[in-house]
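**Q** Sharing query28.csv below, CSV, C-alpha atoms:
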chain,number,residue,atom,x,y,z
M,1,MET,CA,0.0,0.0,0.0
M,2,ILE,CA,1.3,3.5,-0.9
M,3,ILE,CA,-0.4,6.7,0.3
M,4,LEU,CA,0.7,10.2,-0.7
M,5,CYS,CA,-1.4,12.2,1.8
M,6,THR,CA,-2.0,15.9,2.3
M,7,CYS,CA,-5.4,15.8,4.1
M,8,THR,CA,-6.0,17.1,7.6
M,9,ARG,CA,-7.9,15.4,10.4
M,10,GLN,CA,-7.8,15.0,14.2
M,11,PRO,CA,-5.4,12.5,15.7
M,12,ARG,CA,-6.3,9.2,17.3
M,13,SER,CA,-4.7,7.3,20.1
M,14,GLY,CA,-5.8,9.6,22.9
M,15,VAL,CA,-4.3,12.7,21.4
M,16,GLY,CA,-7.3,14.6,20.0
M,17,PRO,CA,-9.8,16.9,21.7
M,18,GLY,CA,-11.5,15.2,24.7
M,19,ALA,CA,-8.6,12.8,25.2
M,20,ALA,CA,-7.9,11.7,28.7
M,21,GLU,CA,-5.5,13.9,30.5
M,22,THR,CA,-2.5,11.6,30.8
M,23,PHE,CA,1.1,12.7,30.5
M,24,THR,CA,2.5,9.2,30.4
M,25,PRO,CA,3.6,8.3,26.8
M,26,PRO,CA,1.8,5.3,25.4
M,27,PRO,CA,3.8,2.1,24.7
M,28,GLY,CA,6.0,2.4,21.7
M,29,SER,CA,6.6,6.1,22.0
M,30,VAL,CA,9.9,7.8,21.1
M,31,VAL,CA,9.6,11.3,22.6
M,32,MET,CA,13.1,12.9,21.9
M,33,PHE,CA,16.2,12.5,19.8
M,34,ARG,CA,17.7,9.1,20.3
M,35,GLY,CA,14.9,8.3,22.8
M,36,ASN,CA,16.3,9.5,26.1
M,37,PRO,CA,18.6,12.0,27.8
M,38,HIS,CA,21.6,9.6,27.4
M,39,HIS,CA,20.9,9.1,23.6
M,40,THR,CA,21.0,5.3,23.9
M,41,PHE,CA,17.8,4.4,22.1
M,42,SER,CA,18.5,2.5,18.9
M,43,GLY,CA,15.1,1.3,17.7
M,44,THR,CA,12.8,-1.5,18.7
M,45,GLY,CA,11.1,-4.5,17.1
M,46,LYS,CA,11.7,-6.2,13.8
M,47,VAL,CA,13.6,-4.7,10.9
M,48,PRO,CA,12.5,-5.7,7.4
M,49,ARG,CA,14.8,-8.0,5.5
M,50,LYS,CA,13.2,-6.9,2.2
M,51,VAL,CA,11.5,-3.5,2.1
M,52,MET,CA,8.6,-1.9,0.3
M,53,LEU,CA,7.1,1.6,0.5
M,54,VAL,CA,4.1,1.6,2.9
M,55,TRP,CA,3.4,5.4,2.6
M,56,LYS,CA,5.1,8.7,1.9
M,57,PHE,CA,4.1,12.2,2.9
M,58,GLU,CA,5.1,15.3,0.9
M,59,THR,CA,6.3,18.5,2.7
M,60,GLY,CA,6.9,21.8,0.9
M,61,PHE,CA,9.8,24.2,0.5
M,62,ILE,CA,10.8,27.8,1.0
M,63,LEU,CA,13.1,30.1,-0.9
M,64,GLU,CA,15.8,31.7,1.2
M,65,GLY,CA,15.2,35.0,-0.7
M,66,GLU,CA,11.6,35.5,0.3
M,67,LYS,CA,10.9,38.7,2.2
M,68,GLU,CA,10.3,37.0,5.5
M,69,ASN,CA,13.7,35.2,5.1
M,70,ARG,CA,15.7,38.4,5.1
M,71,GLY,CA,16.3,38.7,1.4
M,72,VAL,CA,19.2,36.3,1.2
M,73,ASP,CA,20.2,34.6,-2.1
M,74,PRO,CA,16.8,33.9,-3.9
M,75,GLU,CA,18.2,30.8,-5.5
M,76,THR,CA,18.6,29.0,-2.2
M,77,ILE,CA,15.8,26.4,-1.7
M,78,TRP,CA,15.1,24.8,1.6
M,79,ARG,CA,13.2,21.5,1.1
M,80,GLY,CA,12.5,18.3,2.9
M,81,ILE,CA,13.9,16.8,6.2
M,82,ALA,CA,17.3,18.0,7.3
M,83,TRP,CA,19.9,17.0,9.9
M,84,THR,CA,19.0,15.8,12.5
M,85,GLY,CA,15.4,15.4,11.5
M,86,GLN,CA,14.3,12.4,13.6
M,87,PRO,CA,10.6,12.1,14.1
M,88,ALA,CA,9.1,11.8,17.5
M,89,PHE,CA,6.2,9.4,18.4
M,90,TRP,CA,3.4,9.5,20.9
M,91,GLY,CA,1.7,6.2,20.4
M,92,ASP,CA,0.4,6.1,16.8
M,93,THR,CA,1.0,9.9,16.4
M,94,MET,CA,4.2,11.0,14.7
M,95,VAL,CA,5.7,14.6,14.7
M,96,ILE,CA,8.4,15.8,12.3
M,97,GLY,CA,9.8,19.1,11.3
M,98,SER,CA,10.6,20.2,7.7
M,99,CYS,CA,12.8,22.8,6.0
M,100,ASP,CA,9.6,24.3,4.6
M,101,SER,CA,9.1,25.9,8.1
M,102,TYR,CA,6.3,23.5,9.2
M,103,LEU,CA,6.0,21.0,12.0
M,104,TYR,CA,3.8,18.1,10.8
M,105,CYS,CA,1.7,15.7,12.9
M,106,LEU,CA,0.9,12.5,11.1
M,107,ASP,CA,-0.7,9.1,11.7
M,108,LYS,CA,2.3,6.8,11.8
M,109,ASN,CA,0.3,3.9,10.3
M,110,THR,CA,-1.1,5.7,7.3
M,111,GLY,CA,0.8,8.9,6.8
M,112,GLU,CA,-2.4,11.0,7.1
M,113,LEU,CA,-2.0,14.6,8.3
M,114,PHE,CA,-3.6,15.5,11.6
M,115,TRP,CA,-2.3,19.1,11.7
M,116,LYS,CA,0.6,21.3,10.8
M,117,TYR,CA,2.2,24.3,12.6
M,118,LYS,CA,4.1,27.1,10.8
M,119,SER,CA,7.2,28.5,12.3
M,120,GLY,CA,9.1,31.5,10.9
M,121,HIS,CA,11.8,29.5,9.1
M,122,SER,CA,13.2,26.0,8.5
M,123,ILE,CA,12.9,23.4,11.2
M,124,LYS,CA,16.1,21.2,11.0
M,125,GLY,CA,16.3,19.6,14.4
M,126,SER,CA,14.3,16.8,16.0
M,127,PRO,CA,11.1,17.7,18.0
M,128,THR,CA,10.6,16.5,21.5
M,129,ILE,CA,7.2,15.5,23.0
M,130,TYR,CA,6.7,16.2,26.7
M,131,LYS,CA,3.4,16.2,28.6
M,132,ARG,CA,1.4,16.2,25.4
M,133,ARG,CA,3.3,19.3,24.2
M,134,VAL,CA,5.8,19.5,21.3
M,135,TYR,CA,9.0,21.4,21.7
M,136,VAL,CA,11.1,22.3,18.6
M,137,GLY,CA,13.7,24.9,17.6
M,138,SER,CA,13.7,26.8,14.3
M,139,ARG,CA,15.9,29.0,12.2
M,140,ASP,CA,13.5,31.8,13.1
M,141,ASN,CA,15.5,32.1,16.3
M,142,HIS,CA,12.8,30.7,18.6
M,143,LEU,CA,12.1,27.7,20.7
M,144,HIS,CA,8.4,26.8,20.0
M,145,CYS,CA,6.0,24.9,22.3
M,146,VAL,CA,2.8,23.7,20.6
M,147,SER,CA,-0.1,21.5,21.6
M,148,LEU,CA,0.1,17.9,20.6
M,149,ASP,CA,-3.7,17.9,20.3
M,150,ASP,CA,-4.1,20.4,17.6
M,151,GLY,CA,-0.8,22.2,16.8
M,152,SER,CA,-1.9,25.5,18.5
M,153,LEU,CA,0.9,27.6,19.8
M,154,ILE,CA,1.3,27.6,23.6
M,155,TRP,CA,4.4,29.8,23.8
M,156,LYS,CA,7.6,30.7,21.9
M,157,THR,CA,10.8,32.2,23.3
M,158,ARG,CA,13.4,34.1,21.3
M,159,ILE,CA,17.1,33.4,21.5
M,160,GLY,CA,20.0,35.3,19.8
M,161,ASN,CA,20.4,33.2,16.6
M,162,ASP,CA,19.0,30.0,15.2
M,163,MET,CA,18.2,26.7,17.0
M,164,ASP,CA,19.0,23.4,15.4
M,165,SER,CA,19.6,21.7,18.7
M,166,SER,CA,16.9,19.2,19.8
M,167,PRO,CA,15.4,19.8,23.2
M,168,CYS,CA,16.2,17.4,26.1
M,169,ILE,CA,13.4,17.7,28.8
M,170,ILE,CA,13.7,16.4,32.3
M,171,HIS,CA,11.4,17.4,35.2
M,172,ASP,CA,9.9,20.4,33.5
M,173,SER,CA,13.3,21.8,32.5
M,174,VAL,CA,14.1,22.1,28.7
M,175,PHE,CA,17.8,21.8,28.0
M,176,VAL,CA,18.8,22.9,24.5
M,177,GLY,CA,21.7,24.6,22.6
M,178,GLY,CA,21.6,27.7,20.4
M,179,GLU,CA,23.7,29.0,17.6
M,180,ASP,CA,24.0,32.2,19.6
M,181,HIS,CA,26.8,30.5,21.6
M,182,HIS,CA,24.6,29.6,24.6
M,183,VAL,CA,23.3,26.5,26.3
M,184,TYR,CA,19.8,27.2,27.7
M,185,CYS,CA,17.5,25.9,30.4
M,186,PHE,CA,13.9,26.9,29.9
M,187,ASP,CA,10.8,26.3,32.0
M,188,ALA,CA,8.7,23.8,30.1
M,189,ASP,CA,5.4,25.3,31.2
M,190,SER,CA,6.1,29.0,30.5
M,191,GLY,CA,9.1,29.2,28.2
M,192,ALA,CA,10.9,31.4,30.8
M,193,VAL,CA,14.7,31.2,30.7
M,194,LEU,CA,15.9,29.6,34.0
M,195,TRP,CA,19.5,29.9,33.1
M,196,LYS,CA,21.8,30.3,30.1
M,197,THR,CA,25.5,29.8,29.8
M,198,ARG,CA,27.8,31.3,27.2
M,199,VAL,CA,30.2,28.8,25.6
M,200,TRP,CA,32.8,29.3,22.8
M,201,GLY,CA,30.9,28.5,19.6
M,202,SER,CA,27.4,27.6,18.5
M,203,VAL,CA,25.7,24.5,20.0
M,204,GLU,CA,23.8,22.6,17.3
M,205,ALA,CA,23.5,19.1,18.5
M,206,SER,CA,21.1,17.8,21.2
M,207,VAL,CA,22.6,18.0,24.7
M,208,ALA,CA,22.9,14.9,26.9
M,209,VAL,CA,22.0,14.8,30.6
M,210,ALA,CA,23.1,12.3,33.3
M,211,ASP,CA,22.8,12.8,37.0
M,212,THR,CA,23.5,16.5,37.8
M,213,CYS,CA,25.6,17.0,34.6
M,214,LEU,CA,24.8,18.3,31.1
M,215,TYR,CA,27.1,17.7,28.1
M,216,ALA,CA,27.1,19.9,25.0
M,217,GLY,CA,29.5,20.2,22.0
M,218,SER,CA,30.4,23.5,20.3
M,219,SER,CA,31.4,24.6,16.9
M,220,ARG,CA,34.7,25.9,18.2
M,221,GLY,CA,36.0,22.4,19.1
M,222,TYR,CA,35.0,21.9,22.7
M,223,LEU,CA,32.8,19.5,24.6
M,224,TYR,CA,31.4,21.2,27.7
M,225,CYS,CA,30.2,19.6,31.0
M,226,LEU,CA,27.8,22.0,32.8
M,227,SER,CA,25.9,21.8,36.0
M,228,ARG,CA,22.3,20.8,35.2
M,229,THR,CA,20.9,23.0,37.9
M,230,THR,CA,23.0,26.2,37.6
M,231,GLY,CA,24.6,26.0,34.1
M,232,ASP,CA,28.1,26.5,35.6
M,233,ILE,CA,30.9,25.1,33.5
M,234,LEU,CA,32.5,22.1,35.3
M,235,TRP,CA,35.0,21.2,32.6
M,236,LYS,CA,35.7,21.4,28.9
M,237,PHE,CA,37.4,18.9,26.6
M,238,TRP,CA,39.2,19.9,23.4
M,239,THR,CA,38.0,17.9,20.4
M,240,GLY,CA,39.9,20.0,17.9
M,241,SER,CA,37.0,20.9,15.6
M,242,ASP,CA,33.3,21.5,15.2
M,243,THR,CA,31.5,19.1,17.6
M,244,ASP,CA,27.9,18.5,16.3
M,245,VAL,CA,27.5,14.9,17.4
M,246,SER,CA,25.1,14.5,20.3
M,247,PRO,CA,27.0,12.9,23.2
M,248,VAL,CA,26.1,9.3,24.1
M,249,ILE,CA,26.4,8.3,27.7
M,250,SER,CA,27.0,4.8,29.2
M,251,GLY,CA,27.7,4.8,32.9
M,252,ASP,CA,30.7,7.0,33.6
M,253,THR,CA,31.7,6.9,29.9
M,254,LEU,CA,30.8,9.3,27.1
M,255,TYR,CA,31.2,9.0,23.4
M,256,VAL,CA,31.2,12.0,21.0
M,257,GLY,CA,32.5,12.8,17.5
M,258,SER,CA,33.8,15.9,15.7
M,259,GLU,CA,34.1,17.2,12.2
M,260,GLY,CA,37.8,16.6,12.4
M,261,GLY,CA,37.0,13.0,11.7
M,262,ARG,CA,37.5,11.7,15.2
M,263,LEU,CA,35.3,9.8,17.7
M,264,PHE,CA,36.3,10.2,21.3
M,265,CYS,CA,35.7,8.0,24.4
M,266,ILE,CA,35.8,10.2,27.5
M,267,ASP,CA,35.6,9.8,31.2
M,268,ARG,CA,32.5,12.0,31.7
M,269,LEU,CA,33.2,12.7,35.4
M,270,LYS,CA,36.8,13.9,34.8
M,271,GLY,CA,36.7,15.1,31.2
M,272,LYS,CA,39.7,12.9,30.3
M,273,GLN,CA,40.2,11.0,27.1
M,274,LEU,CA,40.1,7.2,27.3
M,275,TRP,CA,40.7,6.5,23.6
M,276,ARG,CA,40.0,8.1,20.2
M,277,TYR,CA,39.5,6.8,16.7
M,278,ARG,CA,40.0,8.6,13.4
M,279,THR,CA,38.0,8.4,10.2
M,280,ALA,CA,38.8,9.8,6.8
M,281,GLY,CA,35.8,12.2,6.9
M,282,ARG,CA,34.0,14.4,9.4
M,283,VAL,CA,31.8,12.8,12.0
M,284,ILE,CA,28.4,14.3,12.4
M,285,SER,CA,26.5,11.0,13.0
M,286,THR,CA,25.6,10.2,16.6
M,287,PRO,CA,26.8,6.7,17.5
M,288,ALA,CA,24.4,3.9,18.3
M,289,LEU,CA,25.7,1.9,21.4
M,290,VAL,CA,24.4,-1.6,21.4
M,291,ASP,CA,25.8,-4.7,23.1
M,292,GLY,CA,29.3,-3.3,23.6
M,293,ARG,CA,29.7,-2.0,20.1
M,294,LEU,CA,29.5,1.5,18.6
M,295,TYR,CA,28.0,2.1,15.1
M,296,PHE,CA,28.3,5.4,13.4
M,297,GLY,CA,28.7,7.0,10.0
M,298,SER,CA,31.3,9.4,8.6
M,299,GLY,CA,31.7,11.8,5.8
M,300,ASP,CA,34.1,9.2,4.3
M,301,GLY,CA,31.0,7.3,3.2
M,302,ARG,CA,31.5,4.4,5.6
M,303,MET,CA,29.6,2.9,8.5
M,304,HIS,CA,32.2,2.2,11.2
M,305,CYS,CA,31.7,-0.5,13.9
M,306,LEU,CA,34.0,-0.3,16.9
M,307,THR,CA,34.3,-2.0,20.3
M,308,ALA,CA,33.0,0.4,22.9
M,309,ASP,CA,35.7,-0.4,25.5
M,310,SER,CA,38.8,0.1,23.3
M,311,GLY,CA,37.8,1.6,20.0
M,312,LYS,CA,39.1,-1.4,18.1
M,313,VAL,CA,37.7,-1.7,14.5
M,314,VAL,CA,35.3,-4.6,14.1
M,315,TRP,CA,34.3,-3.8,10.5
M,316,LYS,CA,33.7,-0.9,8.0
M,317,PHE,CA,31.0,-0.8,5.4
M,318,ARG,CA,31.1,1.6,2.4
M,319,THR,CA,28.0,3.3,1.2
M,320,ASP,CA,27.6,5.4,-2.0
M,321,GLY,CA,27.9,8.8,-0.2
M,322,GLY,CA,28.9,10.5,3.0
M,323,ILE,CA,26.9,9.8,6.2
M,324,TRP,CA,25.4,12.5,8.4
M,325,SER,CA,22.5,10.4,9.5
M,326,SER,CA,22.6,8.7,12.9
M,327,PRO,CA,22.1,4.9,12.6
M,328,CYS,CA,19.2,3.0,14.2
M,329,VAL,CA,20.3,-0.5,15.4
M,330,THR,CA,17.9,-3.2,16.5
M,331,ASP,CA,17.0,-6.8,15.6
M,332,SER,CA,20.6,-7.5,14.4
M,333,MET,CA,20.2,-4.8,11.7
M,334,ILE,CA,21.5,-1.3,11.2
M,335,VAL,CA,19.3,1.3,9.3
M,336,VAL,CA,21.0,4.5,8.2
M,337,GLY,CA,20.6,7.2,5.5
M,338,SER,CA,23.3,8.3,3.2
M,339,ARG,CA,24.0,11.5,1.3
M,340,SER,CA,23.7,9.4,-1.9
M,341,GLY,CA,19.9,9.5,-1.2
M,342,LYS,CA,19.6,5.9,-0.1
M,343,ILE,CA,18.4,4.3,3.1
M,344,TYR,CA,20.5,1.3,3.9
M,345,GLY,CA,19.7,-1.9,5.7
M,346,ILE,CA,23.0,-3.5,6.9
M,347,SER,CA,23.5,-6.6,9.0
M,348,ILE,CA,25.1,-6.4,12.4
M,349,ASP,CA,28.1,-8.1,10.8
M,350,GLY,CA,28.5,-5.3,8.2
M,351,ASP,CA,26.9,-6.9,5.2
M,352,LEU,CA,24.4,-5.1,2.9
M,353,VAL,CA,20.9,-6.6,3.1
M,354,TRP,CA,19.1,-3.9,1.1
M,355,SER,CA,19.1,-0.3,0.0
M,356,TYR,CA,16.1,1.9,-0.8
M,357,PRO,CA,16.6,5.0,-3.1
M,358,THR,CA,14.9,8.3,-2.4
M,359,GLY,CA,15.0,11.4,-4.6
M,360,SER,CA,17.8,13.4,-2.8
M,361,LEU,CA,20.4,13.2,-0.1
M,362,ILE,CA,19.5,12.0,3.4
M,363,ASN,CA,20.9,13.7,6.4
M,364,ALA,CA,18.0,12.9,8.7
M,365,THR,CA,17.9,10.2,11.4
M,366,PRO,CA,15.6,7.2,10.9
M,367,VAL,CA,13.5,5.5,13.5
M,368,VAL,CA,12.6,1.8,13.5
M,369,LEU,CA,9.4,0.9,15.4
M,370,ASP,CA,7.8,-2.5,15.3
M,371,GLY,CA,8.6,-3.6,11.8
M,372,ARG,CA,8.5,-0.2,10.1
M,373,ILE,CA,11.2,2.4,9.2
M,374,TYR,CA,10.4,6.1,9.3
M,375,CYS,CA,12.9,8.4,7.6
M,376,GLY,CA,12.9,11.8,5.9
M,377,SER,CA,14.8,12.9,2.8
M,378,HIS,CA,15.8,16.3,1.3
M,379,ASP,CA,13.6,15.3,-1.7
M,380,GLY,CA,10.7,16.7,0.3
M,381,PHE,CA,9.2,13.4,1.4
M,382,VAL,CA,8.9,11.5,4.7
M,383,TYR,CA,9.1,7.7,4.0
M,384,CYS,CA,7.6,4.8,5.8
M,385,LEU,CA,9.0,1.4,4.8
M,386,GLY,CA,7.8,-2.0,5.8
M,387,GLU,CA,8.4,-5.7,5.1
M,388,ASP,CA,7.8,-6.8,1.5
M,389,THR,CA,6.3,-10.2,1.9
M,390,SER,CA,5.6,-10.7,-1.8
M,391,GLU,CA,7.8,-12.9,-4.0
M,392,VAL,CA,8.1,-10.2,-6.6
M,393,SER,CA,7.2,-6.5,-6.4
M,394,PRO,CA,5.8,-5.8,-9.9
M,395,GLU,CA,4.1,-2.5,-9.0
M,396,PHE,CA,7.3,-0.6,-8.1
M,397,PRO,CA,10.3,-2.7,-9.1
M,398,GLU,CA,12.5,0.3,-9.2
M,399,ASP,CA,12.0,1.1,-5.5
M,400,ILE,CA,14.2,-1.7,-4.2
M,401,GLU,CA,17.8,-2.4,-4.8
M,402,GLN,CA,19.1,-5.7,-3.6
Before we go any further, please render this structure as structure tokens.

**A**
Amino acid sequence: MIILCTCTRQPRSGVGPGAAETFTPPPGSVVMFRGNPHHTFSGTGKVPRKVMLVWKFETGFILEGEKENRGVDPETIWRGIAWTGQPAFWGDTMVIGSCDSYLYCLDKNTGELFWKYKSGHSIKGSPTIYKRRVYVGSRDNHLHCVSLDDGSLIWKTRIGNDMDSSPCIIHDSVFVGGEDHHVYCFDADSGAVLWKTRVWGSVEASVAVADTCLYAGSSRGYLYCLSRTTGDILWKFWTGSDTDVSPVISGDTLYVGSEGGRLFCIDRLKGKQLWRYRTAGRVISTPALVDGRLYFGSGDGRMHCLTADSGKVVWKFRTDGGIWSSPCVTDSMIVVGSRSGKIYGISIDGDLVWSYPTGSLINATPVVLDGRIYCGSHDGFVYCLGEDTSEVSPEFPEDIEQ
């Protein structure tokens, strides 16, 4: 079944008007980038071994030169789902931002549109759902909070410049970075700034939080450890280049990459390097940590698999393009997008199982939930892929590359 949907209706699954007032996410929800404040969620359920298109949803585009976009280069087109671009899920309801300036709320099973909310410019980061509200940053220099029920604006708070960072929310506090060289803590109910800390460089990735500490990378080559309650800087670690990877935390260990092509393993309490690994391209892909192994992509076009304790290479797999997308790992499979425009299904041993071509490069992060894959592309579409149980797929033979 293939649905290209642009209709609007009210959401199901306890999200629409009159829904029970419960703030507990339904089973199967993924409410923030990489699932939790440690960034350790890597998908759940089965991964198709042979894929077919279940549905796709078309978003729009904006021209950078339009009046509301400050009159910059009229030839620049912002289209589709950008980095990091991971959808968030509340039960059967899916929320994703687009470069066309809209936040879209869809039925994850059919791709039907529930509502859309317009911000002032492109939405590049991943939205976060908390207490039936959706929080997302935009290139319009605001953090937006809208109702999950109908997409109505609850509040928006302005920062100095751009917000690609995806919110991390704990106990009514919204932790997020800005391209104005600050890390912020907002009140989730009102949007009031509780504290902000200036760092050296813009903060574009999602921050990670563990215990009383918050971790954030900056464009000037530092990983910062801040107090979660006050924003005070506790230590900083020199990565050597732009650090856009969202930190991944396991116990007292932290993993983070940089555009200098390195992946670092750090003692997160002391800010000391334990090991580092170098690739031939920049690292923007947030690693997946599963069963003692790290899986991440690089601008060199390869998926890298390392041992988490020592950084030893287990295998490398070459795709057709650089990888900004953060991989999703579950069911002995890896799902990741490439700047070649393909979504790849790779075995846990590093062998190609399938690839699915879209119409443009993929920087967005996929999610695997219960046998389906959700991923956006810069071609303007959000894709839902599922298991192809037919012997032959005569209707769309060009959609699958084996």

**Q** If I take CA of Ser390 (chain M) and CA of Met52 (chain M), how far is one from the other in Å, to one decimal?

**A**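 It comes out at 9.5 Å.
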
**Q** At a cut-off of 7 Å, using all atoms listed in the file, what residues contact Asp140 (chain M)? Leave out same-chain residues fewer than 5 positions from it and give the result as a list in words.

**A** Gly120, His121 and Asp162 of chain M

**Q** Here is a test: counting all atoms listed in the file, which residue of M:Gly137, M:Pro287, M:Pro247, M:Gly345 is nearest to Cys99 (chain M)?

**A** M:Gly137

**Q** From (25.2, 23.8, 19.0), in the file's coordinates, out to 10 Å: which residues are reached, counting all atoms listed in the file? Answer as a PyMOL selection string.

**A** chain M and resi 162-166+176-183+199+201-207+216-220+242-246

**Q** Suppose you want the space between CA of Ala82 (chain M) and CA of His39 (chain M); what is it in Å?

**A**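 If I compute the distance from CA of Ala82 (chain M) to CA of His39 (chain M), I get 18.9 Å.
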
**Q** Show me as number ranges by chain the residues that reach within 12 Å of (27.8, 1.6, 6.3), counting all atoms listed in the file and using the file's own coordinates.

**A** M: 285, 295-305, 315-329, 333-339, 342-355

**Q** Keeping only C-alpha atoms, write those residues as a PDB file, in the coordinates of the input.

**A**
ATOM      1  CA  SER M 285      26.500  11.000  13.000  1.00  0.00           C
ATOM      2  CA  TYR M 295      28.000   2.100  15.100  1.00  0.00           C
ATOM      3  CA  PHE M 296      28.300   5.400  13.400  1.00  0.00           C
ATOM      4  CA  GLY M 297      28.700   7.000  10.000  1.00  0.00           C
ATOM      5  CA  SER M 298      31.300   9.400   8.600  1.00  0.00           C
ATOM      6  CA  GLY M 299      31.700  11.800   5.800  1.00  0.00           C
ATOM      7  CA  ASP M 300      34.100   9.200   4.300  1.00  0.00           C
ATOM      8  CA  GLY M 301      31.000   7.300   3.200  1.00  0.00           C
ATOM      9  CA  ARG M 302      31.500   4.400   5.600  1.00  0.00           C
ATOM     10  CA  MET M 303      29.600   2.900   8.500  1.00  0.00           C
ATOM     11  CA  HIS M 304      32.200   2.200  11.200  1.00  0.00           C
ATOM     12  CA  CYS M 305      31.700  -0.500  13.900  1.00  0.00           C
ATOM     13  CA  TRP M 315      34.300  -3.800  10.500  1.00  0.00           C
ATOM     14  CA  LYS M 316      33.700  -0.900   8.000  1.00  0.00           C
ATOM     15  CA  PHE M 317      31.000  -0.800   5.400  1.00  0.00           C
ATOM     16  CA  ARG M 318      31.100   1.600   2.400  1.00  0.00           C
ATOM     17  CA  THR M 319      28.000   3.300   1.200  1.00  0.00           C
ATOM     18  CA  ASP M 320      27.600   5.400  -2.000  1.00  0.00           C
ATOM     19  CA  GLY M 321      27.900   8.800  -0.200  1.00  0.00           C
ATOM     20  CA  GLY M 322      28.900  10.500   3.000  1.00  0.00           C
ATOM     21  CA  ILE M 323      26.900   9.800   6.200  1.00  0.00           C
ATOM     22  CA  TRP M 324      25.400  12.500   8.400  1.00  0.00           C
ATOM     23  CA  SER M 325      22.500  10.400   9.500  1.00  0.00           C
ATOM     24  CA  SER M 326      22.600   8.700  12.900  1.00  0.00           C
ATOM     25  CA  PRO M 327      22.100   4.900  12.600  1.00  0.00           C
ATOM     26  CA  CYS M 328      19.200   3.000  14.200  1.00  0.00           C
ATOM     27  CA  VAL M 329      20.300  -0.500  15.400  1.00  0.00           C
ATOM     28  CA  MET M 333      20.200  -4.800  11.700  1.00  0.00           C
ATOM     29  CA  ILE M 334      21.500  -1.300  11.200  1.00  0.00           C
ATOM     30  CA  VAL M 335      19.300   1.300   9.300  1.00  0.00           C
ATOM     31  CA  VAL M 336      21.000   4.500   8.200  1.00  0.00           C
ATOM     32  CA  GLY M 337      20.600   7.200   5.500  1.00  0.00           C
ATOM     33  CA  SER M 338      23.300   8.300   3.200  1.00  0.00           C
ATOM     34  CA  ARG M 339      24.000  11.500   1.300  1.00  0.00           C
ATOM     35  CA  LYS M 342      19.600   5.900  -0.100  1.00  0.00           C
ATOM     36  CA  ILE M 343      18.400   4.300   3.100  1.00  0.00           C
ATOM     37  CA  TYR M 344      20.500   1.300   3.900  1.00  0.00           C
ATOM     38  CA  GLY M 345      19.700  -1.900   5.700  1.00  0.00           C
ATOM     39  CA  ILE M 346      23.000  -3.500   6.900  1.00  0.00           C
ATOM     40  CA  SER M 347      23.500  -6.600   9.000  1.00  0.00           C
ATOM     41  CA  ILE M 348      25.100  -6.400  12.400  1.00  0.00           C
ATOM     42  CA  ASP M 349      28.100  -8.100  10.800  1.00  0.00           C
ATOM     43  CA  GLY M 350      28.500  -5.300   8.200  1.00  0.00           C
ATOM     44  CA  ASP M 351      26.900  -6.900   5.200  1.00  0.00           C
ATOM     45  CA  LEU M 352      24.400  -5.100   2.900  1.00  0.00           C
ATOM     46  CA  VAL M 353      20.900  -6.600   3.100  1.00  0.00           C
ATOM     47  CA  TRP M 354      19.100  -3.900   1.100  1.00  0.00           C
ATOM     48  CA  SER M 355      19.100  -0.300   0.000  1.00  0.00           C
TER      49      SER M 355
END

**Q** Figure out the distance between CA of Asp331 (chain M) and CA of Leu289 (chain M), please, to one decimal in Å.

**A**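 Between CA of Leu289 (chain M) and CA of Asp331 (chain M) the gap is 13.6 Å.
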
**Q** Pick out the closest residue to Asp388 (chain M) from this set: M:Val54, M:Ser173, M:Thr59, M:Lys118. Count all atoms listed in the file.

**A** M:Val54
